[in-house]
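Printed here is start-v5.pdb (PDB, C-alpha atoms and all ligand atoms):
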```pdb
ATOM      1  CA  MET D  25     -20.634  12.556  -3.792
ATOM      2  CA  ASP D  26     -17.168  14.051  -4.214
ATOM      3  CA  LEU D  27     -14.497  11.562  -5.239
ATOM      4  CA  ARG D  28     -12.183  14.158  -6.798
ATOM      5  CA  LEU D  29      -8.664  14.715  -5.475
ATOM      6  CA  ASP D  30      -7.933  18.017  -7.220
ATOM      7  CA  ASP D  31      -5.396  20.192  -5.346
ATOM      8  CA  LYS D  32      -4.138  17.176  -3.383
ATOM      9  CA  VAL D  33      -0.612  15.797  -3.524
ATOM     10  CA  ALA D  34       0.013  12.076  -3.034
ATOM     11  CA  ILE D  35       3.113   9.956  -2.465
ATOM     12  CA  VAL D  36       2.798   6.272  -3.412
ATOM     13  CA  THR D  37       5.550   3.847  -2.396
ATOM     14  CA  GLY D  38       5.965   0.917  -4.761
ATOM     15  CA  GLY D  39       4.140   2.986  -7.362
ATOM     16  CA  SER D  40       5.980   1.619 -10.389
ATOM     17  CA  ARG D  41       4.075  -1.683 -10.709
ATOM     18  CA  GLY D  42       1.066  -3.656  -9.554
ATOM     19  CA  ILE D  43      -1.265  -2.263  -6.913
ATOM     20  CA  GLY D  44       0.812   0.893  -6.306
ATOM     21  CA  LYS D  45       0.810   1.839  -9.981
ATOM     22  CA  GLY D  46      -2.938   1.204 -10.135
ATOM     23  CA  ILE D  47      -3.491   3.557  -7.194
ATOM     24  CA  ALA D  48      -1.195   6.235  -8.646
ATOM     25  CA  LEU D  49      -3.058   6.047 -11.959
ATOM     26  CA  GLU D  50      -6.503   6.493 -10.393
ATOM     27  CA  TYR D  51      -5.230   9.293  -8.129
ATOM     28  CA  ALA D  52      -3.875  11.118 -11.179
ATOM     29  CA  LYS D  53      -7.202  10.613 -13.001
ATOM     30  CA  ALA D  54      -8.994  12.039  -9.948
ATOM     31  CA  GLY D  55      -6.853  15.174 -10.272
ATOM     32  CA  ALA D  56      -4.090  14.626  -7.685
ATOM     33  CA  GLN D  57      -0.417  15.425  -8.235
ATOM     34  CA  VAL D  58       1.400  12.134  -7.670
ATOM     35  CA  MET D  59       4.954  11.193  -6.703
ATOM     36  CA  ILE D  60       5.758   7.493  -7.136
ATOM     37  CA  VAL D  61       8.791   5.855  -5.549
ATOM     38  CA  SER D  62      10.378   2.448  -5.985
ATOM     39  CA  ARG D  63      13.886   1.063  -6.372
ATOM     40  CA  LYS D  64      14.309   0.717 -10.156
ATOM     41  CA  ALA D  65      14.640   4.112 -11.843
ATOM     42  CA  GLU D  66      13.816   2.992 -15.382
ATOM     43  CA  VAL D  67      10.628   1.207 -14.266
ATOM     44  CA  CYS D  68       9.577   4.295 -12.274
ATOM     45  CA  GLU D  69      10.196   6.553 -15.254
ATOM     46  CA  ALA D  70       8.104   4.401 -17.600
ATOM     47  CA  ALA D  71       5.295   4.131 -15.037
ATOM     48  CA  ALA D  72       5.248   7.890 -14.441
ATOM     49  CA  GLU D  73       4.918   8.460 -18.183
ATOM     50  CA  GLU D  74       2.039   5.977 -18.377
ATOM     51  CA  ILE D  75       0.295   7.539 -15.342
ATOM     52  CA  GLY D  76       0.594  11.016 -16.857
ATOM     53  CA  HIS D  77      -0.894  14.198 -15.301
ATOM     54  CA  GLY D  78       2.670  15.352 -14.471
ATOM     55  CA  CYS D  79       3.411  12.278 -12.356
ATOM     56  CA  ARG D  80       6.839  12.564 -10.665
ATOM     57  CA  TRP D  81       9.134   9.739  -9.631
ATOM     58  CA  MET D  82      12.161   9.167  -7.414
ATOM     59  CA  ALA D  83      14.092   5.907  -7.195
ATOM     60  CA  GLY D  84      15.135   4.486  -3.826
ATOM     61  CA  ASN D  85      14.362   2.031  -1.062
ATOM     62  CA  ALA D  86      11.155   2.762   0.851
ATOM     63  CA  GLY D  87      12.923   1.640   4.027
ATOM     64  CA  ASP D  88      15.804   4.126   3.695
ATOM     65  CA  GLU D  89      15.321   6.980   6.169
ATOM     66  CA  VAL D  90      17.468   9.404   4.137
ATOM     67  CA  PHE D  91      15.488   8.634   0.977
ATOM     68  CA  VAL D  92      12.187   9.172   2.818
ATOM     69  CA  ALA D  93      13.333  12.622   3.958
ATOM     70  CA  ASP D  94      14.617  13.442   0.462
ATOM     71  CA  VAL D  95      11.323  12.520  -1.232
ATOM     72  CA  VAL D  96       9.157  14.389   1.258
ATOM     73  CA  SER D  97      11.319  17.519   1.103
ATOM     74  CA  THR D  98      11.259  17.396  -2.716
ATOM     75  CA  VAL D  99       7.454  17.112  -2.695
ATOM     76  CA  MET D 100       7.182  20.002  -0.227
ATOM     77  CA  ALA D 101       9.559  22.144  -2.299
ATOM     78  CA  ASP D 102       7.685  21.407  -5.552
ATOM     79  CA  PHE D 103       4.076  21.484  -4.330
ATOM     80  CA  GLY D 104       4.099  22.957  -0.809
ATOM     81  CA  ARG D 105       1.979  20.078   0.541
ATOM     82  CA  ALA D 106       1.836  16.307   1.008
ATOM     83  CA  ASP D 107      -1.788  15.368   1.665
ATOM     84  CA  ILE D 108      -1.956  11.652   0.855
ATOM     85  CA  MET D 109       0.547   8.973   1.850
ATOM     86  CA  VAL D 110       0.091   5.508   0.370
ATOM     87  CA  ASN D 111       2.314   2.934   2.074
ATOM     88  CA  ASN D 112       2.161   0.207  -0.549
ATOM     89  CA  ALA D 113       5.719  -1.158  -0.954
ATOM     90  CA  GLY D 114       5.987  -4.540   0.712
ATOM     91  CA  THR D 115       8.363  -7.457   0.832
ATOM     92  CA  ASN D 116       8.223 -11.186   1.476
ATOM     93  CA  PRO D 117      11.763 -12.597   1.375
ATOM     94  CA  TYR D 118      11.007 -15.871   3.202
ATOM     95  CA  ALA D 119       8.759 -18.890   2.673
ATOM     96  CA  GLY D 120       8.343 -21.559   5.325
ATOM     97  CA  PRO D 121       7.436 -21.995   8.968
ATOM     98  CA  THR D 122       7.782 -18.763  10.908
ATOM     99  CA  ILE D 123       9.476 -20.656  13.729
ATOM    100  CA  ASP D 124      12.423 -21.368  11.362
ATOM    101  CA  ILE D 125      12.949 -17.888   9.880
ATOM    102  CA  ASP D 126      16.438 -16.346  10.170
ATOM    103  CA  LEU D 127      16.735 -12.987  11.900
ATOM    104  CA  PRO D 128      17.987 -10.975   8.855
ATOM    105  CA  ARG D 129      14.903 -11.889   6.786
ATOM    106  CA  TRP D 130      12.568 -11.402   9.768
ATOM    107  CA  ASN D 131      14.062  -7.932  10.343
ATOM    108  CA  LYS D 132      13.906  -7.012   6.640
ATOM    109  CA  THR D 133      10.240  -7.996   6.457
ATOM    110  CA  TRP D 134       9.425  -5.878   9.505
ATOM    111  CA  HIS D 135      11.511  -2.962   8.274
ATOM    112  CA  VAL D 136       9.870  -2.656   4.841
ATOM    113  CA  ASN D 137       6.329  -3.694   5.833
ATOM    114  CA  VAL D 138       5.922  -1.945   9.205
ATOM    115  CA  THR D 139       8.788   0.436  10.046
ATOM    116  CA  ALA D 140       8.795   2.101   6.609
ATOM    117  CA  PRO D 141       5.039   2.933   6.711
ATOM    118  CA  LEU D 142       5.634   4.551  10.116
ATOM    119  CA  MET D 143       8.619   6.538   8.759
ATOM    120  CA  TRP D 144       6.688   7.831   5.711
ATOM    121  CA  SER D 145       3.624   8.662   7.807
ATOM    122  CA  LYS D 146       5.756  10.567  10.304
ATOM    123  CA  ALA D 147       7.610  12.407   7.529
ATOM    124  CA  VAL D 148       4.393  13.711   5.884
ATOM    125  CA  TRP D 149       2.890  14.441   9.321
ATOM    126  CA  ASP D 150       5.874  16.590  10.337
ATOM    127  CA  ALA D 151       6.247  18.274   6.941
ATOM    128  CA  HIS D 152       2.598  19.060   6.214
ATOM    129  CA  ILE D 153      -0.292  17.212   7.855
ATOM    130  CA  LYS D 154       0.135  18.319  11.467
ATOM    131  CA  GLU D 155      -0.173  22.032  10.573
ATOM    132  CA  SER D 156      -2.651  21.514   7.727
ATOM    133  CA  ASP D 157      -6.342  22.380   7.612
ATOM    134  CA  GLY D 158      -7.138  18.649   7.528
ATOM    135  CA  GLY D 159      -8.481  16.545   4.682
ATOM    136  CA  CYS D 160      -5.310  14.431   4.586
ATOM    137  CA  SER D 161      -5.078  10.636   4.350
ATOM    138  CA  VAL D 162      -2.761   7.728   5.006
ATOM    139  CA  VAL D 163      -3.573   4.501   3.152
ATOM    140  CA  ASN D 164      -1.631   1.398   4.190
ATOM    141  CA  ILE D 165      -1.648  -1.686   1.990
ATOM    142  CA  SER D 166      -1.896  -4.641   4.349
ATOM    143  CA  SER D 167      -3.292  -8.078   3.374
ATOM    144  CA  VAL D 168      -6.033 -10.575   4.203
ATOM    145  CA  GLY D 169      -3.051 -12.515   5.550
ATOM    146  CA  GLY D 170      -3.114 -10.128   8.502
ATOM    147  CA  PHE D 171      -6.238 -11.932   9.761
ATOM    148  CA  ALA D 172      -5.157 -15.560   9.558
ATOM    149  CA  THR D 173      -2.322 -18.026  10.051
ATOM    150  CA  ASN D 174      -0.426 -19.503   7.101
ATOM    151  CA  PRO D 175       2.064 -22.394   6.839
ATOM    152  CA  ILE D 176       4.239 -20.687   4.183
ATOM    153  CA  ILE D 177       3.995 -16.902   4.487
ATOM    154  CA  GLY D 178       3.226 -16.625   8.192
ATOM    155  CA  ALA D 179       6.132 -14.280   8.951
ATOM    156  CA  TYR D 180       4.970 -11.848   6.258
ATOM    157  CA  ASP D 181       1.413 -12.130   7.597
ATOM    158  CA  VAL D 182       2.592 -11.198  11.105
ATOM    159  CA  THR D 183       3.919  -7.914   9.685
ATOM    160  CA  LYS D 184       0.633  -7.311   7.827
ATOM    161  CA  ALA D 185      -1.278  -7.834  11.087
ATOM    162  CA  ALA D 186       1.084  -5.351  12.742
ATOM    163  CA  LEU D 187       0.410  -2.880   9.927
ATOM    164  CA  ILE D 188      -3.323  -3.146  10.664
ATOM    165  CA  HIS D 189      -2.678  -2.269  14.297
ATOM    166  CA  LEU D 190      -0.310   0.553  13.319
ATOM    167  CA  THR D 191      -3.161   1.857  11.138
ATOM    168  CA  LYS D 192      -5.533   1.948  14.137
ATOM    169  CA  GLN D 193      -2.924   3.587  16.355
ATOM    170  CA  LEU D 194      -2.073   6.297  13.813
ATOM    171  CA  ALA D 195      -5.775   6.894  13.112
ATOM    172  CA  ALA D 196      -6.244   7.706  16.797
ATOM    173  CA  GLU D 197      -3.214  10.017  16.767
ATOM    174  CA  MET D 198      -3.546  11.724  13.360
ATOM    175  CA  GLY D 199      -7.228  12.639  13.535
ATOM    176  CA  PRO D 200      -8.772  15.084  12.800
ATOM    177  CA  LYS D 201      -6.045  16.172  10.383
ATOM    178  CA  ALA D 202      -5.896  12.824   8.561
ATOM    179  CA  ASN D 203      -7.884   9.632   8.239
ATOM    180  CA  VAL D 204      -5.742   6.500   8.339
ATOM    181  CA  ASN D 205      -6.954   3.198   6.897
ATOM    182  CA  ALA D 206      -5.623  -0.120   5.692
ATOM    183  CA  ILE D 207      -6.662  -1.936   2.534
ATOM    184  CA  CYS D 208      -6.347  -5.706   2.901
ATOM    185  CA  PRO D 209      -6.232  -7.349  -0.535
ATOM    186  CA  GLY D 210      -6.893 -10.986  -1.297
ATOM    187  CA  LEU D 211      -4.972 -12.501  -4.194
ATOM    188  CA  VAL D 212      -4.232  -9.822  -6.800
ATOM    189  CA  LYS D 213      -2.622 -10.759 -10.114
ATOM    190  CA  THR D 214       0.744  -8.964  -9.740
ATOM    191  CA  ASP D 215       4.420  -9.981  -9.963
ATOM    192  CA  PHE D 216       4.631 -10.101  -6.179
ATOM    193  CA  ALA D 217       2.025 -12.876  -5.920
ATOM    194  CA  ARG D 218       2.936 -14.685  -9.175
ATOM    195  CA  VAL D 219       3.776 -17.961  -7.433
ATOM    196  CA  LEU D 220       0.237 -18.038  -5.999
ATOM    197  CA  TRP D 221      -1.639 -17.566  -9.308
ATOM    198  CA  GLU D 222       0.606 -18.931 -12.056
ATOM    199  CA  GLY D 223      -0.601 -22.030 -13.891
ATOM    200  CA  ASP D 224      -3.812 -23.680 -12.657
ATOM    201  CA  ARG D 225      -3.461 -22.346  -9.146
ATOM    202  CA  GLY D 226      -4.962 -18.949 -10.008
ATOM    203  CA  ASP D 227      -8.098 -20.579 -11.410
ATOM    204  CA  GLN D 228      -8.466 -22.752  -8.315
ATOM    205  CA  VAL D 229      -8.210 -19.740  -6.019
ATOM    206  CA  ALA D 230     -10.612 -17.724  -8.186
ATOM    207  CA  GLN D 231     -13.192 -20.526  -8.097
ATOM    208  CA  ALA D 232     -12.935 -20.604  -4.296
ATOM    209  CA  TYR D 233     -13.782 -16.890  -4.125
ATOM    210  CA  PRO D 234     -17.511 -16.064  -4.160
ATOM    211  CA  MET D 235     -16.841 -13.436  -6.863
ATOM    212  CA  LYS D 236     -15.066 -16.098  -9.009
ATOM    213  CA  ARG D 237     -12.107 -13.994 -10.092
ATOM    214  CA  LEU D 238      -8.759 -12.824  -8.760
ATOM    215  CA  GLY D 239      -8.240  -9.210  -7.777
ATOM    216  CA  GLU D 240      -6.954  -6.477 -10.076
ATOM    217  CA  ALA D 241      -4.961  -3.414  -9.069
ATOM    218  CA  PHE D 242      -8.038  -1.332  -9.930
ATOM    219  CA  ASP D 243     -10.075  -3.046  -7.192
ATOM    220  CA  MET D 244      -7.630  -1.627  -4.621
ATOM    221  CA  ALA D 245      -7.243   1.702  -6.405
ATOM    222  CA  ALA D 246     -10.992   2.390  -6.347
ATOM    223  CA  MET D 247     -11.005   2.036  -2.550
ATOM    224  CA  ALA D 248      -7.806   4.102  -2.225
ATOM    225  CA  VAL D 249      -9.525   6.951  -4.098
ATOM    226  CA  LEU D 250     -12.598   6.760  -1.848
ATOM    227  CA  LEU D 251     -10.469   6.753   1.322
ATOM    228  CA  ALA D 252      -8.545   9.870   0.249
ATOM    229  CA  SER D 253     -11.608  11.753  -0.994
ATOM    230  CA  GLU D 254     -14.212  13.870   0.764
ATOM    231  CA  ALA D 255     -16.599  10.896   0.562
ATOM    232  CA  GLY D 256     -14.285   8.825   2.782
ATOM    233  CA  SER D 257     -13.419  11.527   5.271
ATOM    234  CA  TRP D 258     -15.267  10.003   8.280
ATOM    235  CA  LEU D 259     -13.785   6.565   7.639
ATOM    236  CA  THR D 260     -10.702   6.025   9.793
ATOM    237  CA  GLY D 261      -8.838   3.301  11.683
ATOM    238  CA  GLN D 262     -10.351   0.572   9.501
ATOM    239  CA  ALA D 263      -8.888  -2.522   7.878
ATOM    240  CA  ILE D 264     -10.925  -2.924   4.701
ATOM    241  CA  VAL D 265     -10.842  -6.403   3.203
ATOM    242  CA  ILE D 266     -11.121  -6.477  -0.603
ATOM    243  CA  ASP D 267     -10.836 -10.116  -1.579
ATOM    244  CA  GLY D 268     -13.778 -11.149  -3.757
ATOM    245  CA  GLY D 269     -15.223 -12.747  -0.621
ATOM    246  CA  GLY D 270     -12.262 -15.072   0.027
ATOM    247  CA  LEU D 271     -12.367 -14.642   3.795
ATOM    248  CA  VAL D 272     -16.077 -15.483   3.963
ATOM    249  CA  SER D 273     -16.096 -18.279   1.388
ATOM    250  CA  PHE D 274     -16.946 -21.879   2.309
ATOM    251  CA  SER D 275     -13.771 -23.079   0.598
ATOM    252  CA  LYS D 276     -10.476 -22.233   2.226
ATOM    253  CA  ILE D 277      -8.289 -22.509  -0.913
ATOM    254  CA  GLY D 278      -6.208 -19.354  -1.268
TER
HETATM  255  N1  LIG D 301      -0.566  -9.113  -4.984
HETATM  256  C1  LIG D 301      -1.234  -9.632  -3.968
HETATM  257  O1  LIG D 301      -1.897 -10.680  -4.095
HETATM  258  C2  LIG D 301      -1.203  -8.940  -2.635
HETATM  259  C3  LIG D 301      -2.076  -9.435  -1.644
HETATM  260  C4  LIG D 301      -2.080  -8.811  -0.406
HETATM  261  C5  LIG D 301      -1.244  -7.741  -0.164
HETATM  262  N2  LIG D 301      -0.396  -7.288  -1.135
HETATM  263  C6  LIG D 301       0.462  -6.139  -0.820
HETATM  264  O2  LIG D 301       0.305  -5.166  -1.825
HETATM  265  C7  LIG D 301       1.479  -4.364  -1.878
HETATM  266  C8  LIG D 301       1.905  -4.195  -3.329
HETATM  267  O3  LIG D 301       2.184  -5.469  -3.868
HETATM  268  P1  LIG D 301       2.002  -5.831  -5.404
HETATM  269  O4  LIG D 301       1.332  -7.137  -5.442
HETATM  270  O5  LIG D 301       1.436  -4.685  -6.155
HETATM  271  O6  LIG D 301       3.538  -6.056  -5.805
HETATM  272  P2  LIG D 301       4.386  -5.773  -7.135
HETATM  273  O7  LIG D 301       3.525  -5.809  -8.352
HETATM  274  O8  LIG D 301       5.549  -6.690  -7.049
HETATM  275  O9  LIG D 301       4.874  -4.275  -6.936
HETATM  276  C9  LIG D 301       5.658  -3.942  -5.832
HETATM  277  C10 LIG D 301       6.098  -2.501  -5.960
HETATM  278  O10 LIG D 301       6.832  -2.143  -4.789
HETATM  279  C11 LIG D 301       8.164  -1.744  -5.159
HETATM  280  N3  LIG D 301       9.025  -2.127  -4.048
HETATM  281  C12 LIG D 301       9.203  -3.357  -3.518
HETATM  282  N4  LIG D 301      10.050  -3.298  -2.479
HETATM  283  C13 LIG D 301      10.399  -1.990  -2.350
HETATM  284  C14 LIG D 301      11.245  -1.269  -1.477
HETATM  285  N5  LIG D 301      11.920  -1.878  -0.496
HETATM  286  N6  LIG D 301      11.368   0.060  -1.638
HETATM  287  C15 LIG D 301      10.692   0.712  -2.631
HETATM  288  N7  LIG D 301       9.884   0.089  -3.483
HETATM  289  C16 LIG D 301       9.739  -1.243  -3.346
HETATM  290  C17 LIG D 301       8.409  -2.440  -6.508
HETATM  291  O11 LIG D 301       9.378  -1.806  -7.314
HETATM  292  P3  LIG D 301      10.978  -2.124  -7.228
HETATM  293  O12 LIG D 301      11.098  -3.615  -7.212
HETATM  294  O13 LIG D 301      11.559  -1.467  -8.419
HETATM  295  O14 LIG D 301      11.421  -1.492  -5.950
HETATM  296  C18 LIG D 301       7.030  -2.273  -7.133
HETATM  297  O15 LIG D 301       6.831  -0.945  -7.587
HETATM  298  C19 LIG D 301       2.511  -5.045  -0.981
HETATM  299  O16 LIG D 301       2.567  -4.380   0.246
HETATM  300  C20 LIG D 301       1.941  -6.443  -0.794
HETATM  301  O17 LIG D 301       2.342  -6.991   0.437
HETATM  302  C21 LIG D 301      -0.360  -7.869  -2.375
END
```
Once more with this new file: its structure as structure tokens, please.
Amino acid sequence: MDLRLDDKVAIVTGGSRGIGKGIALEYAKAGAQVMIVSRKAEVCEAAAEEIGHGCRWMAGNAGDEVFVADVVSTVMADFGRADIMVNNAGTNPYAGPTIDIDLPRWNKTWHVNVTAPLMWSKAVWDAHIKESDGGCSVVNISSVGGFATNPIIGAYDVTKAALIHLTKQLAAEMGPKANVNAICPGLVKTDFARVLWEGDRGDQVAQAYPMKRLGEAFDMAAMAVLLASEAGSWLTGQAIVIDGGGLVSFSKIG
């Protein structure tokens, strides 16, 4: 089984921390050239050094169309290809009933979580994938929240459900040049989800999961490697839940 990514070039949004950094690290270990992007330059620089294998970085907002074009043209100029696009950067600026959300935060959530993945996918499609020999991949980081309702983060979950459908749509359009899949994490111990696992809450959620632990970035990264490798090449249009069994557990905590 071939899980190597030698000769492939990957862009990972939100690659400076958490799940994105975990994916970038495993891609680099599998032999890929990696470009990470996120907003804070110094955090990107430190992450790129830690990832190693010549990891590049550019600082900017994943939802900025000019930045998207700049990153993809830099990658094309440096490597001549952009095989793997990981749409990982996400935002959740609002907590509360979806019915009460203000339009600016609703629009921001949609822009970063749904519009940006479309922009990046289109940019790598136009620059490389559409004329390539195939073997390319788009990996979207959605959430188990995309399958359920939630009293607090429902608006965010609506965008994650939309990202799952965008994944299916792009899989139908980008085959056979690229497979397109979504990874749907349960609770992963990152800064983004800190409020959900800090203190005793993390232990409560972990105990409600059949696998009795919270997720780690590596759990997502292992799947991201499979999806981009030869071994995952017939897998497309899928929303793959990786949640320690949370969605199928008897307890609904977390
Ligand atoms: N952690 C969980 O439990 C969980 C569960 C389900 C789904 N997810 C999803 O997993 C993805 C990654 O989350 P995480 O938990 O790894 O979060 P994290 O540890 O907070 O990392 C988020 C990364 O994204 C970057 N980022 C955020 N907004 C950005 C923007 N507008 N433009 C560019 N970069 C941006 C951050 O860097 P800067 O702040 O420097 O930009 C950072 O590198 C998100 O899509 C999230 O919705 C997470």
### Task
Throw together the list of residues within 8 Å of ligand LIG 301 (chain D), counting only C-alpha atoms and all ligand atoms, and drop it here as a ChimeraX atom specification.
/D:37-45,61-65,67-68,83-87,111-116,136-137,165-169,184,208-218,220,239,241
### Task
Could you give me, as a list in words, the residues within 12 Å of Met198 of chain D, counting all atoms listed in the file and dropping anything in the same chain fewer than 4 positions from it?
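Returned residues: Ser145, Lys146, Val148, Trp149, Asp150, His152, Ile153, Lys154, Glu155, Ser156, Gly158, Gly159, Cys160, Ser161, Val162, Leu190, Thr191, Lys192, Gln193, Leu194, Ala202, Asn203, Val204, Asn205, Thr260 and Gly261 of chain D.
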### Message
Which residues are near Glu254 of chain D? Cut-off 7 Å, all atoms listed in the file, ignore same chain within fewer than 2 positions. Put them as a list in words.
### Response
Asp26, Leu27, Ala252, Gly256 and Ser257 of chain D
Check what the PyMOL selection byres (((chain D and resi 33) around 8) and not hetatm) selects in the file above and give those residues as a short mmCIF file (atom, residue, chain, number, x, y, z; two decimals) with C-alpha atoms, in the coordinates of the input.
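Output (selection-v9.cif):
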```
data_model
loop_
_atom_site.label_atom_id
_atom_site.label_comp_id
_atom_site.auth_asym_id
_atom_site.auth_seq_id
_atom_site.Cartn_x
_atom_site.Cartn_y
_atom_site.Cartn_z
CA ASP D 31 -5.40 20.19 -5.35
CA LYS D 32 -4.14 17.18 -3.38
CA ALA D 34 0.01 12.08 -3.03
CA ILE D 35 3.11 9.96 -2.46
CA ALA D 56 -4.09 14.63 -7.68
CA GLN D 57 -0.42 15.42 -8.24
CA VAL D 58 1.40 12.13 -7.67
CA MET D 59 4.95 11.19 -6.70
CA PHE D 103 4.08 21.48 -4.33
CA ARG D 105 1.98 20.08 0.54
CA ALA D 106 1.84 16.31 1.01
CA ASP D 107 -1.79 15.37 1.66
CA ILE D 108 -1.96 11.65 0.86
#
```
### Query
atom CA of Ala70 of chain D and atom CA of Ala248 of chain D, how far apart in Å?
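Computing the Euclidean distance for atom CA of Ala248 of chain D and atom CA of Ala70 of chain D yields 22.1 Å.
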### Task
For atom CA of Ala185 of chain D and atom CA of Asp224 of chain D, quote the distance in Å rounded to one decimal.
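Here the two named atoms are 28.7 Å from each other.
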### Message
What does the structure give for the distance between atom CA of Tyr118 of chain D and atom CA of Leu142 of chain D, in Å to one decimal?
### Response
22.2 Å
### Task
List the neighbours of Val229 of chain D out to 12 Å using all atoms listed in the file; skip same-chain residues closer than 6 positions along the sequence, and give me the result as an NGL selection string.
:D and (210-213 or 220-223 or 235-239 or 267-271 or 273 or 275-278)
### Query
Between D:Ser253, D:Thr98, D:Gln228, D:Thr122, which has the minimum distance to Thr173 of chain D (counting only C-alpha atoms)?
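Of D:Ser253, D:Thr98, D:Gln228, D:Thr122, the one nearest Thr173 of chain D is D:Thr122, counting only C-alpha atoms.
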### Task
Give the answer as one residue: which of D:Pro121, D:Asp30, D:Glu89, D:Pro200 has the shortest atom-to-atom distance to His77 of chain D, using only C-alpha atoms?
D:Asp30
### Query
Which is closer to Val92 of chain D than all the others in D:Met143, D:Ile75, D:Ile47, D:Val219, using only C-alpha atoms?
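Going through D:Met143, D:Ile75, D:Ile47, D:Val219 one by one, the smallest distance to Val92 of chain D is for D:Met143.
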### Message
Considering all atoms listed in the file, can you say which of D:Val96, D:Pro175, D:Phe91, D:Thr133 comes closest to Ala147 of chain D?
### Response
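Among the listed residues, the smallest separation from Ala147 of chain D belongs to D:Val96.
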Box along x, y and z, 3 Å on every side, all listed atoms of segment 61-76 of chain D inside: centre and edge lengths in Å to one decimal, as JSON.
```
{"center_x": 7.5, "center_y": 5.9, "center_z": -12.0, "size_x": 20.3, "size_y": 16.3, "size_z": 18.8}
```
### Query
Pick the closest to Ala232 of chain D from D:Lys201, D:Val265, D:Ile207, D:Val272: which is it, counting only C-alpha atoms?
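Counting only C-alpha atoms, the residue closest to Ala232 of chain D is D:Val272.
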Incomplete segment 52-68 of chain D filled out to N, CA and C atoms as an mmCIF file, keeping the file's coordinate frame:
```cif
data_model
loop_
_atom_site.group_PDB
_atom_site.id
_atom_site.type_symbol
_atom_site.label_atom_id
_atom_site.label_comp_id
_atom_site.auth_asym_id
_atom_site.auth_seq_id
_atom_site.Cartn_x
_atom_site.Cartn_y
_atom_site.Cartn_z
ATOM 1 N N ALA D 52 -4.148 10.112 -10.143
ATOM 2 C CA ALA D 52 -3.875 11.118 -11.179
ATOM 3 C C ALA D 52 -5.155 11.424 -11.954
ATOM 4 N N LYS D 53 -5.937 10.390 -12.273
ATOM 5 C CA LYS D 53 -7.202 10.613 -13.001
ATOM 6 C C LYS D 53 -8.176 11.444 -12.175
ATOM 7 N N ALA D 54 -8.089 11.279 -10.832
ATOM 8 C CA ALA D 54 -8.994 12.039 -9.948
ATOM 9 C C ALA D 54 -8.483 13.458 -9.708
ATOM 10 N N GLY D 55 -7.330 13.787 -10.324
ATOM 11 C CA GLY D 55 -6.853 15.174 -10.272
ATOM 12 C C GLY D 55 -5.685 15.435 -9.344
ATOM 13 N N ALA D 56 -5.199 14.407 -8.632
ATOM 14 C CA ALA D 56 -4.090 14.626 -7.685
ATOM 15 C C ALA D 56 -2.754 14.740 -8.419
ATOM 16 N N GLN D 57 -1.823 15.468 -7.809
ATOM 17 C CA GLN D 57 -0.417 15.425 -8.235
ATOM 18 C C GLN D 57 0.194 14.224 -7.527
ATOM 19 N N VAL D 58 0.907 13.384 -8.262
ATOM 20 C CA VAL D 58 1.400 12.134 -7.670
ATOM 21 C C VAL D 58 2.909 12.012 -7.799
ATOM 22 N N MET D 59 3.534 11.570 -6.719
ATOM 23 C CA MET D 59 4.954 11.193 -6.703
ATOM 24 C C MET D 59 5.020 9.694 -6.437
ATOM 25 N N ILE D 60 5.575 8.927 -7.390
ATOM 26 C CA ILE D 60 5.758 7.493 -7.136
ATOM 27 C C ILE D 60 7.213 7.222 -6.785
ATOM 28 N N VAL D 61 7.414 6.255 -5.893
ATOM 29 C CA VAL D 61 8.791 5.855 -5.549
ATOM 30 C C VAL D 61 8.892 4.335 -5.560
ATOM 31 N N SER D 62 10.009 3.857 -6.111
ATOM 32 C CA SER D 62 10.378 2.448 -5.985
ATOM 33 C C SER D 62 11.855 2.351 -6.334
ATOM 34 N N ARG D 63 12.431 1.149 -6.289
ATOM 35 C CA ARG D 63 13.886 1.063 -6.372
ATOM 36 C C ARG D 63 14.450 1.211 -7.781
ATOM 37 N N LYS D 64 13.743 0.727 -8.792
ATOM 38 C CA LYS D 64 14.309 0.717 -10.156
ATOM 39 C C LYS D 64 13.893 1.960 -10.933
ATOM 40 N N ALA D 65 14.908 2.814 -11.219
ATOM 41 C CA ALA D 65 14.640 4.112 -11.843
ATOM 42 C C ALA D 65 13.918 3.979 -13.182
ATOM 43 N N GLU D 66 14.404 3.051 -14.025
ATOM 44 C CA GLU D 66 13.816 2.992 -15.382
ATOM 45 C C GLU D 66 12.351 2.540 -15.344
ATOM 46 N N VAL D 67 12.025 1.667 -14.381
ATOM 47 C CA VAL D 67 10.628 1.207 -14.266
ATOM 48 C C VAL D 67 9.745 2.352 -13.741
ATOM 49 N N CYS D 68 10.296 3.112 -12.794
ATOM 50 C CA CYS D 68 9.577 4.295 -12.274
ATOM 51 C C CYS D 68 9.297 5.285 -13.399
#
```
